[in-house]
Amino acid sequence: MKFPGSVLASVFLFVAETTAALYLSSTYRSGGDGMWQALTLLFSLLPCALVQLTLLFVHRDFSRDRPLVLLLHLLQLGPLFRCFEVFCIYCQSGHVEEPYVSITKKRQMPKNGFSEEVEKEVGQAEGKLFTHRSAFSRASVIQAFLGSAPQLTLQLYISTLQQDVTIGRYETHKSRNLFLEVWLLRGLFMVLSLLSIVYGALRCNILAIKIKYDEYDVKVKPLAYVCIFLWRSFEIATRVIVLVLFTSVLKAWVVIVVLINFFSFFLYPWILFWCSGSPFPENIEKALSRVGTTIVLCFLTLLYAGINMFCWSAVQLKINNPDLISKSQNWYRLLVYYMLRFIENAFLLLMWYLYKTDIYMYVCAPLLILQLLIGYCTAILFMLVFYQFFHPCKKLFSSSVSEGFQEWLKCVCCDCRQQKSRESVGKTDLRSTGDRDETPSSSKISSMPSQILNTDELCSA
């Protein structure tokens with residue numbers, strides 16, 4: 001049975017980030033920064049509550065008589081209890097013989113064009129562990145993009161505004177120690193938040209692969225995890241820095257940028273659903289009413305918009321689909337997303353460069369812009385490497401990244417050749433028409449002296 005390392009990683013990041021947020025908010029209160037304290041608590045406690053609801057919803061504890069579990073989740077101790085339960089199941093799995101097993105059928109990856117179907121026995125303990133892993137994966141995604149992402153943006157923004165504050169401004173020894181403590185704790189907190197976001201994006205990639213290729217036995221190699229980690233690290237770090245730089249100089253305009261991004265991704269699945277004319281989905285959860293189903297769908301689109309605000313979501317939310325996710329691999333949508341995001345980042349950096357203030361006096365602005373754009377291109381490079389070499393289901397792709405790139409180059413070359421041929425044909429047409437225009441004019445000129453001679457001869461006669 002596979003060791004539940006993903007559960008342990010999710011709980012560690014959840015506990016570490018929540019503890020650091022609570023302690024940092026107390027230091028903000030000691031320093032008299034009430035607004036920073038309130039925002040830090042908001043971006044910490046709100047995702048905590050959403051994580052508790054997610055764990056309860058996946059395990060269906062609302063319809064079960066488990067008051068102790070509900071109390072622990074109400075006290076924000078649900079992930080710790082679930083982690084303890086996971087390791088109890090894992091430790092007892094090899095010592096107790098299970099009377100009932102279920103048989104699942106999975107297809108292996110095609111070899112030489114053929115795919116075999118393999119049957120596997122799944123016991124009750126392994127099924128419970130699978131449910132726990134699925135619940136913690138979804139909780140990690142929620143924690144990352146509804147909590148850690150705005151938290152990292154906030155703390156980096158605070159650090160940017162306070163970078164001109166020096167230790168010499170604090171007169172007493174106690175105030176200097178408090179200043180250093182806040183800076184060190186904030187730096188540690190930002191590292192934890194970035195790790196949480198990258199881990200959530202990684203889990204989102206793995207969830208997307210397993211949902212799209214549910215009938216196959218998907219095995220992700222360690223190099224694939226490393227490639228996804230580097231891809232998401234560069235993408236999310238550059239995106240957060242760009243947003244913070246733009247916010248520090250144009251505070252009012254950043255609200256418009258955020259709202260446009262949010263509502264574009266929030267309304268896009270609903271617009272596709274309304275245009276399709278499909279009936280309202282009723283099979284998400286049997287115990288949910290129509291209002292409950294609407295709340296769940298709105299929450300999913302909220303999470304979908306939050307993910308796409310900072311990075312590519314790796315899935316396309318499709319409300320009229322029973323699985324709520326489109327299983328087709330759409331390279332065109334991926335290309336459009338990264339092209340538009342690159343243009344947006346470049347535009348926001350240009351606005352920051354034009355309106356930057358004195359706090360960036362000692363920052364080489366052109367070099368910083370170049371580094372951020374190269375960092376985002378590096379993220380795209382690692383993404384292409386992952387889809388080309390390390391994707392676990394790359395054999396099922398109708399076309400690979402390199403083939404798509406070659407076809408794109410062929411199309412560009414064909415267009416250039418057709419344009420050149422049209423230009424050459426146009427030039428030859430112009431030359432032929434010019435020759436035709438010159439021919440009758442020369443004949444007219446040559447005929448004029450002969451006419452003159454004939455009239456002279458007639459006069460002499």
# chains A, B, ... in the order shown; residues from 1 in each chain; ligands from 1

call {"tool": "residues_around", "arguments": {"residues": "stretch 260-269 of chain A", "least_positions_apart": "4", "cutoff": "12 Å", "atoms": "only C-alpha atoms", "output": "PyMOL selection string"}}
result
chain A and resi 253-256+273-276+297-313+315-321+324-326+337+340-341+344

call {"tool": "residues_around", "arguments": {"residues": "A:Glu17", "least_positions_apart": "4", "cutoff": "7 Å", "atoms": "only C-alpha atoms", "output": "list in words"}}
result
Leu13, Ala21, Phe189, Leu192 and Ser193 of chain A

call {"tool": "write_last_selection", "arguments": {"atoms": "N, CA, C and O atoms", "output": "short mmCIF file (atom, residue, chain, number, x, y, z; two decimals), in the first residue's frame"}}
result
data_model
loop_
_atom_site.label_atom_id
_atom_site.label_comp_id
_atom_site.auth_asym_id
_atom_site.auth_seq_id
_atom_site.Cartn_x
_atom_site.Cartn_y
_atom_site.Cartn_z
N LEU A 13 1.83 21.84 5.62
CA LEU A 13 1.70 23.19 5.08
C LEU A 13 0.52 23.93 5.71
O LEU A 13 0.62 25.14 5.98
N ALA A 21 0.75 32.65 10.32
CA ALA A 21 -0.17 33.78 10.11
C ALA A 21 -0.69 34.33 11.43
O ALA A 21 -0.77 35.56 11.61
N PHE A 189 7.11 33.35 6.41
CA PHE A 189 5.70 33.17 6.06
C PHE A 189 5.51 33.22 4.54
O PHE A 189 4.73 32.44 3.97
N LEU A 192 6.63 29.90 3.06
CA LEU A 192 5.61 28.87 3.28
C LEU A 192 4.41 29.06 2.36
O LEU A 192 3.85 28.08 1.83
N SER A 193 4.00 30.31 2.17
CA SER A 193 2.86 30.58 1.28
C SER A 193 3.18 30.20 -0.16
O SER A 193 2.34 29.62 -0.86
#

call {"tool": "select_by_dssp", "arguments": {"residues": "stretch 343-396 of chain A", "states": "helix (DSSP H, G or I)", "output": "VMD selection string"}}
result
chain A and resid 343 to 355 358 to 360 365 to 390 394 to 396

call {"tool": "residues_around", "arguments": {"residues": "A:Gly78", "least_positions_apart": "6", "cutoff": "8 Å", "atoms": "only C-alpha atoms", "output": "number ranges by chain"}}
result
A: 52, 55, 69, 72

call {"tool": "residues_around", "arguments": {"residues": "stretch 199-216 of chain A", "least_positions_apart": "3", "cutoff": "7 Å", "atoms": "only C-alpha atoms", "output": "ChimeraX atom specification"}}
result
/A:106-109,137,140-141,144,195-196,228-229,232,314-315,327
